[in-house]
>>> print(open('entry.cif').read())   # mmCIF, C-alpha atoms and all ligand atoms
data_work
loop_
_atom_site.label_atom_id
_atom_site.label_comp_id
_atom_site.auth_asym_id
_atom_site.auth_seq_id
_atom_site.Cartn_x
_atom_site.Cartn_y
_atom_site.Cartn_z
CA MET A 6 -21.46 0.28 -9.53
CA THR A 7 -23.33 0.73 -6.25
CA LEU A 8 -23.80 -2.96 -5.55
CA LYS A 9 -23.05 -3.79 -1.94
CA PRO A 10 -21.23 -7.10 -1.52
CA PRO A 11 -22.87 -9.82 0.58
CA PRO A 12 -21.93 -10.14 4.26
CA LEU A 13 -19.23 -12.50 5.48
CA SER A 14 -20.28 -15.92 6.66
CA ASN A 15 -20.38 -16.58 10.37
CA ASP A 16 -17.80 -19.33 10.31
CA CYS A 17 -15.32 -17.46 8.15
CA PHE A 18 -12.65 -17.57 10.84
CA ALA A 19 -13.16 -21.20 11.84
CA LEU A 20 -10.00 -23.27 11.90
CA PRO A 21 -9.90 -26.82 10.59
CA PRO A 22 -10.44 -29.23 13.51
CA GLY A 23 -7.41 -30.62 15.28
CA VAL A 24 -5.13 -27.70 14.64
CA ASN A 25 -3.15 -26.65 17.66
CA TRP A 26 -0.47 -24.11 16.82
CA THR A 27 -1.25 -22.66 13.44
CA PRO A 28 1.74 -21.70 11.31
CA VAL A 29 1.66 -18.07 10.18
CA ASP A 30 1.26 -19.02 6.52
CA ASP A 31 -1.72 -21.29 7.26
CA ALA A 32 -3.39 -18.51 9.21
CA LEU A 33 -2.77 -16.09 6.37
CA ARG A 34 -4.14 -18.57 3.83
CA LEU A 35 -7.33 -18.93 5.84
CA LEU A 36 -7.84 -15.19 6.01
CA ARG A 37 -7.17 -14.96 2.32
CA ASP A 38 -9.65 -17.70 1.44
CA ARG A 39 -12.43 -16.61 3.73
CA LEU A 40 -12.57 -12.83 3.52
CA THR A 41 -13.99 -10.80 0.67
CA ARG A 42 -14.52 -7.18 -0.16
CA VAL A 43 -17.14 -5.41 1.94
CA VAL A 44 -16.94 -1.90 0.48
CA ALA A 45 -18.95 -0.46 -2.42
CA PRO A 46 -17.67 1.58 -5.37
CA GLU A 47 -17.95 5.34 -5.66
CA SER A 48 -16.43 8.03 -7.80
CA VAL A 49 -13.99 10.70 -6.56
CA PRO A 50 -12.06 13.58 -8.15
CA LEU A 51 -8.39 12.92 -8.85
CA LEU A 52 -7.10 14.90 -5.91
CA ALA A 53 -9.21 12.90 -3.48
CA ALA A 54 -7.93 9.61 -4.92
CA PRO A 55 -4.39 9.04 -3.55
CA GLY A 56 -4.44 6.13 -1.15
CA ARG A 57 -7.86 5.01 -2.38
CA ILE A 58 -8.36 1.65 -4.07
CA LEU A 59 -9.36 1.51 -7.72
CA ALA A 60 -12.73 -0.20 -8.21
CA GLN A 61 -12.37 -0.96 -11.94
CA ASP A 62 -9.68 -1.29 -14.55
CA LEU A 63 -9.11 2.18 -15.90
CA PRO A 64 -8.82 2.35 -19.70
CA ALA A 65 -6.88 5.16 -21.33
CA LEU A 66 -9.50 7.50 -22.82
CA ARG A 67 -6.73 9.15 -24.80
CA ALA A 68 -3.38 7.84 -25.99
CA ASN A 69 -0.19 9.14 -24.40
CA PRO A 70 1.20 10.98 -26.24
CA ALA A 71 -2.07 11.72 -28.02
CA GLU A 72 -0.20 12.88 -31.14
CA ALA A 73 3.30 12.42 -32.46
CA ASN A 74 5.40 15.34 -31.22
CA THR A 75 8.93 16.57 -30.95
CA ALA A 76 11.07 15.70 -27.96
CA VAL A 77 13.47 18.62 -28.49
CA ASP A 78 13.73 22.15 -29.83
CA GLY A 79 15.02 21.98 -33.43
CA TYR A 80 13.99 21.58 -37.04
CA GLY A 81 11.53 19.04 -38.41
CA PHE A 82 11.28 17.47 -41.88
CA ALA A 83 10.60 14.14 -43.62
CA ALA A 84 13.66 11.90 -43.22
CA ALA A 85 12.99 10.08 -46.49
CA HIS A 86 13.92 13.24 -48.42
CA THR A 87 17.30 13.70 -46.80
CA GLY A 88 20.42 11.67 -47.35
CA GLY A 89 23.92 11.42 -45.88
CA GLY A 90 26.55 14.13 -45.71
CA ASP A 91 25.86 17.84 -45.35
CA ILE A 92 22.22 18.69 -45.87
CA SER A 93 20.62 22.10 -46.35
CA LEU A 94 16.85 22.40 -46.42
CA PRO A 95 14.77 25.48 -47.18
CA LEU A 96 12.67 26.58 -44.19
CA VAL A 97 8.90 26.83 -44.32
CA GLN A 98 7.56 30.07 -42.84
CA GLY A 99 6.05 29.67 -39.40
CA ARG A 100 6.72 27.21 -36.61
CA ALA A 101 5.14 24.48 -34.50
CA ALA A 102 5.14 24.97 -30.73
CA ALA A 103 3.58 23.10 -27.80
CA GLY A 104 -0.13 23.86 -27.86
CA LYS A 105 0.26 25.87 -31.07
CA PRO A 106 0.34 23.38 -33.94
CA PHE A 107 1.40 24.38 -37.46
CA ALA A 108 -1.73 24.28 -39.62
CA GLY A 109 -0.08 23.76 -43.01
CA THR A 110 1.92 20.97 -44.64
CA VAL A 111 5.71 20.86 -44.85
CA PRO A 112 6.61 19.86 -48.44
CA PRO A 113 9.18 17.10 -49.04
CA GLY A 114 12.72 18.47 -48.88
CA HIS A 115 11.66 21.38 -46.63
CA ALA A 116 12.04 21.89 -42.89
CA ILE A 117 10.23 23.84 -40.18
CA ARG A 118 11.13 25.27 -36.81
CA VAL A 119 9.71 23.03 -34.02
CA LEU A 120 9.73 23.44 -30.23
CA THR A 121 9.59 20.68 -27.60
CA GLY A 122 6.13 19.17 -27.21
CA ALA A 123 4.81 20.53 -30.52
CA ALA A 124 2.64 18.15 -32.56
CA LEU A 125 4.57 17.13 -35.67
CA PRO A 126 3.14 19.05 -38.65
CA GLU A 127 1.95 17.21 -41.78
CA GLY A 128 5.06 16.21 -43.72
CA VAL A 129 7.35 15.98 -40.66
CA ASP A 130 8.50 12.70 -39.12
CA SER A 131 11.99 13.55 -37.81
CA VAL A 132 13.71 16.36 -35.94
CA VAL A 133 17.29 17.56 -35.70
CA LEU A 134 18.37 19.15 -32.45
CA ASP A 135 19.10 22.91 -32.40
CA GLU A 136 22.69 22.26 -31.34
CA ASP A 137 23.31 20.15 -34.47
CA CYS A 138 22.01 22.84 -36.87
CA ALA A 139 23.26 25.99 -38.53
CA THR A 140 20.53 28.37 -39.71
CA ASP A 141 19.91 31.64 -41.43
CA ALA A 142 16.51 33.18 -42.06
CA HIS A 143 15.81 30.84 -44.98
CA HIS A 144 17.70 27.56 -44.53
CA VAL A 145 18.72 25.01 -41.98
CA ALA A 146 21.87 22.94 -42.46
CA PHE A 147 22.88 19.78 -40.61
CA ARG A 148 24.77 16.56 -41.12
CA GLY A 149 22.98 13.45 -42.38
CA PRO A 150 21.93 10.78 -42.38
CA VAL A 151 19.09 11.31 -39.92
CA LYS A 152 17.32 8.28 -38.54
CA PRO A 153 13.60 8.39 -39.41
CA GLY A 154 11.68 9.37 -36.27
CA ALA A 155 14.77 10.91 -34.66
CA ASN A 156 13.99 13.10 -31.63
CA THR A 157 10.26 12.52 -31.88
CA ARG A 158 7.73 10.72 -29.72
CA ARG A 159 5.27 8.41 -31.44
CA ALA A 160 1.56 8.77 -30.73
CA GLY A 161 0.70 6.15 -28.10
CA GLU A 162 4.33 5.14 -27.53
CA ASP A 163 3.69 5.34 -23.79
CA MET A 164 0.10 4.08 -23.85
CA ASN A 165 -2.45 3.44 -26.57
CA LYS A 166 -6.03 4.57 -26.28
CA GLY A 167 -8.11 1.80 -24.69
CA ALA A 168 -5.16 0.11 -22.98
CA THR A 169 -5.48 -0.49 -19.23
CA ALA A 170 -3.79 2.46 -17.56
CA LEU A 171 -4.43 1.28 -13.98
CA ALA A 172 -5.74 -2.03 -12.74
CA GLN A 173 -8.63 -2.66 -10.38
CA GLY A 174 -7.47 -3.12 -6.78
CA ARG A 175 -4.57 -0.73 -7.12
CA ARG A 176 -3.88 1.72 -4.33
CA ILE A 177 -3.67 5.06 -6.09
CA THR A 178 -0.30 6.83 -5.90
CA PRO A 179 0.59 10.41 -6.83
CA SER A 180 2.16 9.17 -10.07
CA ASP A 181 -1.06 7.30 -10.87
CA LEU A 182 -2.77 10.70 -10.85
CA ALA A 183 -0.36 11.82 -13.58
CA LEU A 184 -1.18 8.77 -15.69
CA ALA A 185 -4.93 9.05 -15.08
CA ALA A 186 -4.94 12.75 -15.94
CA ALA A 187 -2.74 12.25 -19.03
CA THR A 188 -5.08 9.57 -20.33
CA GLY A 189 -8.17 11.71 -19.87
CA HIS A 190 -9.59 11.05 -16.41
CA ALA A 191 -10.73 13.74 -13.99
CA THR A 192 -12.50 11.38 -11.61
CA LEU A 193 -11.68 7.83 -10.59
CA PRO A 194 -13.86 4.86 -9.66
CA VAL A 195 -12.70 3.81 -6.20
CA TYR A 196 -14.08 1.81 -3.33
CA SER A 197 -15.47 3.64 -0.34
CA ARG A 198 -12.84 3.77 2.36
CA LEU A 199 -12.84 0.78 4.68
CA ARG A 200 -14.03 2.03 8.06
CA VAL A 201 -11.71 0.63 10.72
CA GLY A 202 -12.89 1.02 14.31
CA VAL A 203 -10.27 0.91 17.07
CA LEU A 204 -11.23 0.02 20.62
CA SER A 205 -9.03 -0.31 23.69
CA THR A 206 -10.06 -2.54 26.56
CA GLY A 207 -8.83 -2.98 30.10
CA ASP A 208 -9.51 -1.66 33.60
CA GLU A 209 -5.98 -0.34 33.86
CA ILE A 210 -6.10 1.80 30.72
CA VAL A 211 -6.57 5.58 30.88
CA PRO A 212 -6.21 8.05 28.02
CA ALA A 213 -2.93 9.93 27.67
CA GLY A 214 -3.31 13.44 29.02
CA THR A 215 -5.30 12.37 32.07
CA THR A 216 -3.80 11.52 35.43
CA ALA A 217 -2.77 7.92 35.83
CA ALA A 218 -3.12 6.52 39.34
CA SER A 219 -0.95 3.70 40.57
CA GLY A 220 -1.77 0.58 38.61
CA GLN A 221 -3.07 2.52 35.65
CA ILE A 222 -1.32 2.90 32.31
CA PHE A 223 -1.80 5.26 29.42
CA ASP A 224 -3.55 3.95 26.36
CA ALA A 225 -0.69 3.46 23.90
CA ASN A 226 -2.45 1.15 21.48
CA ARG A 227 -5.33 3.33 20.42
CA PRO A 228 -3.36 6.24 18.94
CA MET A 229 -0.94 3.77 17.35
CA LEU A 230 -3.62 1.58 15.77
CA LEU A 231 -5.68 4.57 14.60
CA ALA A 232 -2.61 6.08 12.95
CA MET A 233 -1.69 2.75 11.35
CA ALA A 234 -5.17 2.42 9.85
CA THR A 235 -4.99 5.98 8.56
CA ARG A 236 -1.57 5.45 7.00
CA MET A 237 -2.86 2.32 5.30
CA GLY A 238 -5.49 4.47 3.62
CA PHE A 239 -8.46 3.43 5.71
CA ASP A 240 -10.99 5.55 7.53
CA ALA A 241 -9.89 5.19 11.16
CA ILE A 242 -12.68 5.53 13.68
CA ASP A 243 -11.95 5.99 17.36
CA LEU A 244 -14.23 3.71 19.38
CA GLY A 245 -12.67 4.84 22.64
CA HIS A 246 -11.92 2.64 25.59
CA VAL A 247 -13.99 0.25 27.67
CA PRO A 248 -13.16 -1.21 31.07
CA ASP A 249 -13.12 -4.97 31.64
CA ASP A 250 -16.89 -5.10 31.83
CA ARG A 251 -18.88 -7.33 29.57
CA ALA A 252 -22.07 -5.27 29.36
CA THR A 253 -20.20 -2.09 28.47
CA LEU A 254 -18.13 -3.91 25.91
CA ARG A 255 -21.22 -5.53 24.39
CA ALA A 256 -22.96 -2.16 24.04
CA ARG A 257 -19.87 -0.59 22.46
CA LEU A 258 -19.47 -3.44 19.98
CA ASP A 259 -23.18 -3.27 19.10
CA ALA A 260 -22.93 0.42 18.32
CA ALA A 261 -19.64 0.03 16.46
CA ALA A 262 -20.76 -2.89 14.29
CA ALA A 263 -23.41 -0.64 12.76
CA ASP A 264 -20.89 2.10 11.96
CA VAL A 265 -17.70 0.40 10.84
CA ASP A 266 -16.55 -2.37 8.49
CA VAL A 267 -13.97 -3.97 10.76
CA ILE A 268 -13.11 -3.61 14.45
CA LEU A 269 -9.63 -3.80 15.95
CA THR A 270 -9.68 -4.29 19.70
CA SER A 271 -6.63 -4.53 21.90
CA GLY A 272 -6.39 -6.27 25.23
CA GLY A 273 -8.65 -8.87 26.78
CA ALA A 274 -8.20 -11.29 23.92
CA SER A 275 -6.83 -14.27 25.81
CA ALA A 276 -8.64 -16.83 27.85
CA GLY A 277 -8.27 -15.24 31.31
CA ASP A 278 -11.00 -14.12 33.75
CA GLU A 279 -10.81 -10.55 32.54
CA ASP A 280 -10.51 -11.34 28.87
CA HIS A 281 -13.91 -10.10 27.86
CA VAL A 282 -13.34 -9.62 24.16
CA SER A 283 -12.78 -13.31 23.64
CA ALA A 284 -15.48 -14.21 26.16
CA LEU A 285 -18.10 -12.10 24.42
CA LEU A 286 -17.25 -13.33 20.96
CA ARG A 287 -17.36 -16.86 22.29
CA GLU A 288 -20.89 -16.21 23.65
CA THR A 289 -22.13 -15.36 20.19
CA GLY A 290 -20.52 -18.51 18.88
CA ALA A 291 -18.51 -16.58 16.34
CA LEU A 292 -15.12 -16.65 18.01
CA THR A 293 -12.09 -18.41 16.78
CA GLU A 294 -8.99 -18.27 18.90
CA TRP A 295 -6.06 -18.63 16.66
CA ARG A 296 -3.02 -19.92 18.44
CA ILE A 297 -0.52 -18.75 15.91
CA ALA A 298 3.07 -19.91 15.96
CA LEU A 299 4.38 -16.37 16.05
CA LYS A 300 6.54 -14.20 18.26
CA PRO A 301 5.61 -11.62 19.36
CA GLY A 302 2.00 -12.62 19.58
CA ARG A 303 -0.51 -14.40 21.71
CA PRO A 304 -3.73 -16.01 20.66
CA LEU A 305 -5.40 -13.80 18.12
CA ALA A 306 -9.14 -13.69 18.76
CA LEU A 307 -11.10 -13.46 15.54
CA GLY A 308 -14.83 -13.23 15.29
CA LEU A 309 -17.83 -11.59 13.73
CA TRP A 310 -19.94 -9.20 15.76
CA GLY A 311 -23.22 -8.50 14.02
CA GLY A 312 -21.54 -9.48 10.76
CA THR A 313 -18.59 -7.17 11.33
CA PRO A 314 -15.18 -8.83 11.57
CA VAL A 315 -13.40 -8.26 14.87
CA PHE A 316 -9.65 -8.65 15.27
CA GLY A 317 -9.04 -9.16 18.97
CA LEU A 318 -5.41 -8.05 19.17
CA PRO A 319 -3.14 -8.69 22.15
CA GLY A 320 -2.92 -5.81 24.64
CA ASN A 321 0.82 -5.70 24.53
CA PRO A 322 1.67 -2.82 22.15
CA VAL A 323 4.50 -4.67 20.40
CA ALA A 324 2.32 -7.72 19.79
CA ALA A 325 -0.67 -5.56 18.79
CA PHE A 326 1.54 -3.74 16.30
CA THR A 327 3.03 -6.90 14.81
CA CYS A 328 -0.27 -8.76 14.59
CA THR A 329 -1.80 -5.74 12.86
CA LEU A 330 0.94 -5.68 10.24
CA ILE A 331 1.09 -9.41 9.66
CA PHE A 332 -2.60 -10.39 9.92
CA ALA A 333 -4.95 -7.45 10.10
CA ARG A 334 -3.41 -5.51 7.27
CA PRO A 335 -3.71 -8.10 4.48
CA ALA A 336 -7.17 -8.96 5.77
CA MET A 337 -8.20 -5.31 5.75
CA ASP A 338 -6.80 -4.93 2.23
CA LEU A 339 -9.05 -7.76 1.10
CA LEU A 340 -12.08 -6.26 2.83
CA ALA A 341 -11.18 -2.91 1.26
CA GLY A 342 -11.09 -4.27 -2.30
CA ALA A 343 -7.31 -4.13 -2.75
CA GLY A 344 -6.93 -7.89 -2.92
CA TRP A 345 -4.46 -9.83 -0.86
CA SER A 346 -1.22 -8.00 -0.19
CA GLU A 347 2.17 -9.37 0.61
CA PRO A 348 4.79 -6.99 1.93
CA THR A 349 7.93 -6.61 -0.15
CA GLY A 350 10.99 -7.69 1.82
CA PHE A 351 14.67 -7.38 1.05
CA THR A 352 17.56 -9.69 1.76
CA VAL A 353 20.28 -7.81 3.61
CA PRO A 354 23.24 -8.79 5.77
CA ALA A 355 22.53 -9.02 9.49
CA ALA A 356 24.33 -6.71 11.88
CA PHE A 357 23.48 -9.06 14.74
CA ALA A 358 23.82 -12.62 15.97
CA LYS A 359 20.90 -14.73 17.03
CA SER A 360 20.04 -18.32 17.62
CA LYS A 361 16.43 -19.36 17.22
CA LYS A 362 14.59 -22.56 17.98
CA PRO A 363 12.16 -24.11 15.50
CA GLY A 364 8.39 -24.02 15.90
CA ARG A 365 7.39 -20.46 15.38
CA ARG A 366 8.09 -17.49 13.19
CA GLU A 367 9.70 -14.45 14.70
CA TYR A 368 9.59 -10.79 13.85
CA LEU A 369 12.33 -8.58 15.26
CA ARG A 370 12.15 -4.82 15.43
CA ALA A 371 14.83 -3.67 13.06
CA ARG A 372 16.29 -0.94 10.97
CA ILE A 373 18.95 -0.63 8.29
CA ARG A 374 22.17 1.22 9.01
CA ASP A 375 25.26 1.03 6.80
CA GLY A 376 23.49 -1.51 4.61
CA ARG A 377 22.95 -4.01 7.45
CA ALA A 378 19.90 -4.92 9.48
CA LYS A 379 20.25 -3.97 13.13
CA VAL A 380 17.77 -5.29 15.65
CA PHE A 381 16.57 -3.62 18.82
CA ARG A 382 18.69 -4.41 21.85
CA SER A 383 15.81 -6.06 23.67
CA GLU A 384 13.18 -8.44 22.38
CA GLY A 385 10.97 -7.69 25.41
CA SER A 386 7.54 -7.26 23.95
CA GLY A 387 6.62 -4.50 26.37
CA ARG A 388 9.39 -2.29 25.02
CA ILE A 389 7.49 0.39 23.18
CA SER A 390 10.67 2.41 22.64
CA GLY A 391 11.83 -0.41 20.37
CA LEU A 392 8.77 0.04 18.19
CA SER A 393 9.53 3.70 17.88
CA TRP A 394 13.21 2.93 17.17
CA ALA A 395 12.40 0.39 14.46
CA GLU A 396 11.87 1.18 10.80
CA GLY A 397 10.97 -2.34 9.76
CA LEU A 398 10.91 -5.98 10.81
CA VAL A 399 13.38 -8.78 10.36
CA GLU A 400 11.47 -11.96 9.61
CA LEU A 401 12.94 -15.23 10.85
CA GLY A 402 11.29 -18.28 9.30
CA ASP A 403 9.42 -21.01 11.19
CA GLY A 404 12.43 -23.31 11.35
CA PRO A 405 15.55 -23.03 13.50
CA CYS A 406 18.31 -20.63 12.60
CA GLU A 407 21.75 -19.56 13.72
CA ILE A 408 22.45 -16.09 12.48
CA ALA A 409 25.93 -14.60 12.56
CA PRO A 410 26.78 -11.01 11.60
CA GLY A 411 26.91 -10.74 7.81
CA ASP A 412 24.43 -13.58 7.20
CA PRO A 413 21.54 -12.75 4.88
CA VAL A 414 18.21 -12.01 6.60
CA ARG A 415 14.85 -10.85 5.32
CA TYR A 416 14.07 -7.23 6.20
CA ILE A 417 10.62 -5.77 5.60
CA PRO A 418 10.50 -1.98 5.87
CA PHE A 419 7.38 -0.56 7.49
CA GLY A 420 6.70 1.19 4.18
CA SER A 421 6.07 -2.24 2.66
CA PHE A 422 3.13 -2.57 5.05
CA GLY A 423 1.72 0.76 3.95
CA LEU A 424 2.97 2.66 7.00
P1 LIG A 501 -4.08 -8.13 27.94
O1 LIG A 501 -3.99 -8.59 26.52
O2 LIG A 501 -5.35 -7.41 28.23
O3 LIG A 501 -3.78 -9.22 28.89
O4 LIG A 501 -2.92 -7.06 28.10
C1 LIG A 501 -1.56 -7.42 27.96
C2 LIG A 501 -0.67 -6.29 28.37
O5 LIG A 501 -0.87 -5.18 27.50
C3 LIG A 501 -0.98 -5.77 29.77
O6 LIG A 501 0.23 -5.45 30.41
C4 LIG A 501 -1.81 -4.54 29.49
O7 LIG A 501 -1.74 -3.60 30.54
C5 LIG A 501 -1.19 -4.01 28.24
N1 LIG A 501 -2.13 -3.23 27.48
C6 LIG A 501 -3.39 -3.56 27.17
N2 LIG A 501 -4.01 -2.59 26.48
C7 LIG A 501 -3.09 -1.61 26.35
C8 LIG A 501 -3.13 -0.32 25.72
N3 LIG A 501 -4.22 0.12 25.10
N4 LIG A 501 -2.02 0.44 25.76
C9 LIG A 501 -0.89 -0.02 26.38
N5 LIG A 501 -0.80 -1.21 26.97
C10 LIG A 501 -1.89 -2.02 26.97
MG MG A 502 -6.38 -6.94 30.03
#
>>> encode(input="entry.cif", output="structure tokens")
Amino acid sequence: MTLKPPPLSNDCFALPPGVNWTPVDDALRLLRDRLTRVVAPESVPLLAAPGRILAQDLPALRANPAEANTAVDGYGFAAAHTGGGDISLPLVQGRAAAGKPFAGTVPPGHAIRVLTGAALPEGVDSVVLDEDCATDAHHVAFRGPVKPGANTRRAGEDMNKGATALAQGRRITPSDLALAAATGHATLPVYSRLRVGVLSTGDEIVPAGTTAASGQIFDANRPMLLAMATRMGFDAIDLGHVPDDRATLRARLDAAAADVDVILTSGGASAGDEDHVSALLRETGALTEWRIALKPGRPLALGLWGGTPVFGLPGNPVAAFTCTLIFARPAMDLLAGAGWSEPTGFTVPAAFAKSKKPGRREYLRARIRDGRAKVFRSEGSGRISGLSWAEGLVELGDGPCEIAPGDPVRYIPFGSFGL
């Protein structure tokens, strides 16, 4: 259970030779093929488990329900000893209630008072609802025939003992806690949280809350990316900000690689003079610049720093956000033990018109109103207000398209990405 998986290979991000613009699906396939889990299993109490990833299949230690019981308040008896028409059965003294089983046996042709959730006493297989009964102190009368098993729950009808309650790789939800608890688990085997370091780069970047001089801008990416990692269930680690200085960046990456499982940087990922993330990764020989046929996006710099995968995201907040959802998130899910994840999208009518050329996939900031997908008024990738406005993405395929209002489009809510 405490086995640490082997490190990733140095060329895990290498592209096949000759590829120029990589289609989104090819890029995703490469990530999927080349990355593996890097986290180790541990055990946590139920309440610490939501959002964590299950490290093993979880067998039911107990059936649900564990015993046959009554689904209603009423009177229980053996159906085989009743017939059609009006039926009157003598009542056995005592009753069966939830948590307070009846110790004796109910003889054939007799009935007993039962309350919802009570284990069915010996001799009882069926129950008639209070509302369908007339009673005095000694008898219960109702109309037959009664279907055998009526108003009862079979032992194991929800889940048998030993069946797989939850599968390895699953991200634990609140309802999973109910199932785990009901089937006898107080702790769950999960993977340690993937530690996701977030680093901003750029001479112009200053933290929000400080004074920004002319030419400086507030760091918008770091709080966004940290919050995204947290919402996805990872352990988000703030690696701060570094100026466009190679030595400082190198030192920060060295320190981070020892502390985190994956690093998300933003800015400095292109091939310009001040693009030190890509330059540094290139120095170590472990850089791959993926020119992905995607809008919004720029080359995505991928590399390993001391064995730790680095996603060099574009500095532009809209592109950083989109690349994180489309590429970093499924990759991080793999590293985290959750397996590859594909976001669930929905086909909805467009509330907009758009004409798109072939050659790259596009993601538009969108939200659903009145059952139709609206897109943000501007596609400008510096428009952070559009990110805040959006509740999901509209995905336009790699080919050309002419979209008129009412045409079906694929909408992926942010919730589908774990946000
Ligand atoms: P770069 O990828 O470094 O060329 O940056 C592209 C654009 O994104 C530039 O306009 C940067 O100023 C901007 N940018 C880079 N990092 C951030 C950040 N952390 N927050 C907001 N904008 C950023
Ligand atoms: Mg820059």
>>> closest_atom_pairs(input="entry.cif", of="stretch 287-336 of chain A", to="stretch 29-37 of chain A", cutoff="12 Å", atoms="all atoms listed in the file", output="tab-separated table")
residue	atom	partner	partner_atom	distance
A:Thr293	CA	A:Ala32	CA	11.5
A:Glu294	CA	A:Ala32	CA	11.2
A:Trp295	CA	A:Ala32	CA	7.9
A:Arg296	CA	A:Ala32	CA	9.3
A:Ile297	CA	A:Val29	CA	6.2
A:Ala298	CA	A:Val29	CA	6.2
A:Leu299	CA	A:Val29	CA	6.7
A:Lys300	CA	A:Val29	CA	10.2
A:Pro301	CA	A:Val29	CA	11.9
A:Gly302	CA	A:Val29	CA	10.9
A:Pro304	CA	A:Ala32	CA	11.7
A:Leu305	CA	A:Ala32	CA	10.3
A:Leu307	CA	A:Leu36	CA	10.2
A:Gly308	CA	A:Leu36	CA	11.8
A:Pro314	CA	A:Leu36	CA	11.2
A:Phe316	CA	A:Leu36	CA	11.5
A:Cys328	CA	A:Val29	CA	10.5
A:Leu330	CA	A:Leu33	CA	11.7
A:Ile331	CA	A:Leu33	CA	8.4
A:Phe332	CA	A:Leu33	CA	6.7
A:Ala333	CA	A:Leu36	CA	9.2
A:Arg334	CA	A:Leu33	CA	10.6
A:Pro335	CA	A:Arg37	CA	8.0
A:Ala336	CA	A:Leu36	CA	6.3
>>> closest_atom_pairs(input="entry.cif", of="stretch 183-270 of chain A", to="stretch 412-422 of chain A", cutoff="12 Å", atoms="all atoms listed in the file", output="tab-separated table")
residue	atom	partner	partner_atom	distance
A:Met233	CA	A:Phe422	CA	9.6
A:Ala234	CA	A:Phe422	CA	10.8
A:Arg236	CA	A:Phe422	CA	9.5
A:Met237	CA	A:Phe422	CA	7.7
A:Gly238	CA	A:Phe422	CA	11.2
>>> write_last_selection(input="entry.cif", atoms="C-alpha atoms", output="PDB file, in the frame of the given file")
ATOM      1  CA  MET A 233      -1.690   2.750  11.350  1.00  0.00           C
ATOM      2  CA  ALA A 234      -5.170   2.420   9.850  1.00  0.00           C
ATOM      3  CA  ARG A 236      -1.570   5.450   7.000  1.00  0.00           C
ATOM      4  CA  MET A 237      -2.860   2.320   5.300  1.00  0.00           C
ATOM      5  CA  GLY A 238      -5.490   4.470   3.620  1.00  0.00           C
TER       6      GLY A 238
END
>>> closest_residue(input="entry.cif", among="A:Leu231, A:Arg100, A:Ala123, A:Trp310", to="A:Leu258", atoms="only C-alpha atoms")
A:Trp310
>>> closest_residue(input="entry.cif", among="A:Val44, A:Leu171, A:Ala306, A:Ala53", to="A:Ala19", atoms="all atoms listed in the file")
A:Ala306
>>> atom_distance(input="entry.cif", atom1="atom CA of A:Trp26", atom2="atom CA of A:Leu309")
21.6 Å
>>> closest_residue(input="entry.cif", among="A:Pro50, A:Phe18, A:Met337, A:Ala260", to="A:His190", atoms="only C-alpha atoms")
A:Pro50
>>> atom_distance(input="entry.cif", atom1="atom CA of A:Ala341", atom2="atom CA of A:Arg227")
21.0 Å
>>> atom_distance(input="entry.cif", atom1="atom CA of A:Gly167", atom2="atom CA of A:Leu66")
6.2 Å
>>> closest_residue(input="entry.cif", among="A:Met229, A:Asp130, A:Thr206, A:Asp259", to="A:Gly245", atoms="all atoms listed in the file")
A:Thr206
>>> residues_around(input="entry.cif", residues="A:Ala213", least_positions_apart="4", cutoff="8 Å", atoms="only C-alpha atoms", output="MDAnalysis selection string")
chainID A and resid 223:225
>>> closest_residue(input="entry.cif", among="A:Ala142, A:Val132, A:Ala358, A:Ile222", to="ligand MG 502 (chain A)", atoms="only C-alpha atoms and all ligand atoms")
A:Ile222
>>> residues_around(input="entry.cif", residues="A:Ile58", least_positions_apart="2", cutoff="9 Å", atoms="all atoms listed in the file", output="ChimeraX atom specification")
/A:54-56,60,173-177,194-198,238,341-343
>>> build_atoms(input="entry.cif", residues="stretch 260-267 of chain A", atoms="N, CA and C atoms", output="PDB file, in the frame of the given file")
ATOM      1  N   ALA A 260     -22.872  -0.888  18.979  1.00  0.00           N
ATOM      2  CA  ALA A 260     -22.930   0.420  18.320  1.00  0.00           C
ATOM      3  C   ALA A 260     -21.907   0.474  17.185  1.00  0.00           C
ATOM      4  N   ALA A 261     -20.712  -0.061  17.450  1.00  0.00           N
ATOM      5  CA  ALA A 261     -19.640   0.030  16.460  1.00  0.00           C
ATOM      6  C   ALA A 261     -19.951  -0.798  15.214  1.00  0.00           C
ATOM      7  N   ALA A 262     -20.529  -1.986  15.429  1.00  0.00           N
ATOM      8  CA  ALA A 262     -20.760  -2.890  14.290  1.00  0.00           C
ATOM      9  C   ALA A 262     -21.663  -2.235  13.252  1.00  0.00           C
ATOM     10  N   ALA A 263     -22.520  -1.316  13.704  1.00  0.00           N
ATOM     11  CA  ALA A 263     -23.410  -0.640  12.760  1.00  0.00           C
ATOM     12  C   ALA A 263     -22.686   0.453  11.983  1.00  0.00           C
ATOM     13  N   ASP A 264     -21.566   0.924  12.524  1.00  0.00           N
ATOM     14  CA  ASP A 264     -20.890   2.100  11.960  1.00  0.00           C
ATOM     15  C   ASP A 264     -19.618   1.792  11.191  1.00  0.00           C
ATOM     16  N   VAL A 265     -19.018   0.650  11.432  1.00  0.00           N
ATOM     17  CA  VAL A 265     -17.700   0.400  10.840  1.00  0.00           C
ATOM     18  C   VAL A 265     -17.699  -0.931  10.094  1.00  0.00           C
ATOM     19  N   ASP A 266     -16.656  -1.148   9.291  1.00  0.00           N
ATOM     20  CA  ASP A 266     -16.550  -2.370   8.490  1.00  0.00           C
ATOM     21  C   ASP A 266     -15.709  -3.435   9.168  1.00  0.00           C
ATOM     22  N   VAL A 267     -14.830  -3.012  10.063  1.00  0.00           N
ATOM     23  CA  VAL A 267     -13.970  -3.970  10.760  1.00  0.00           C
ATOM     24  C   VAL A 267     -13.580  -3.317  12.092  1.00  0.00           C
TER      25      VAL A 267
END
